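Peer 1: After the structure tokens below, expect a handful of questions from me.
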Amino acid sequence: MRNYKNGLDEMQKQMRNSIGNQMFMIMYWVLLLNCGLHGAGIKWLTYPIDVMVIITACMGVYLVRLIAFNAYLPPKANNKKPITLYRPPKVRPKSND
């Protein structure tokens with residue numbers, strides 16, 4: 001069954017949702033760890049930059065995982081004919097008259 005809105009089949013949607021949920025939980029725990037380190041006095045970057053680095057890294061890993069598990073693009077259709085620019089001329093058999 002296909003959804004023609006984005007072209008992904010059901011298995012690809014489930015994989016995309018599973019990867020998204022996992023990355024959201026990882027981002028949550030990393031941001032919580034960052035807050036704990038900040039509260040303990042350990043600062044690896046200044047405040048708004050560290051959150052943006054964590055979010056950007058999680059989004060990058062999310063995108064790489066989507067592409068690796070083939071859940072980013074819709075499946076290819078197998079019924080398409082290749083487009084050719086050159087069509088060789090038809091050769092007629094010679095008659096022996």
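Note on naming: chains are A, B, ... as they come in the structure tokens, residues start from 1 per chain, ligands start from 1 in the order shown.
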May I have the residues within 9 Å of Leu31 of chain A as a list of chain:residue names, using only C-alpha atoms and disregarding those fewer than 3 positions away in the same chain?
Peer 2: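 Listing them by chain and then by number gives A:Ile26, A:Met27, A:Tyr28, A:Asn34, A:Cys35, A:Gly36, A:Val51, A:Ile54, A:Ile55.
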Peer 1: Just the residues within 10 Å of segment 15-24 of chain A, please, counting only C-alpha atoms, with nothing from its chain fewer than 6 positions along; format it as number ranges by chain.
Peer 2: A: 8, 30, 55, 58-59, 61-63, 65-67, 69-72
Peer 1: As a VMD selection string, please: every residue in chain A that DSSP puts in alpha helix (DSSP H).
Peer 2: chain A and resid 10 to 39 47 to 68
Peer 1: Please compute the atom CA of Pro75 of chain A-atom CA of Met11 of chain A distance, one decimal, in Å.
Peer 2: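 It comes out at 10.8 Å.
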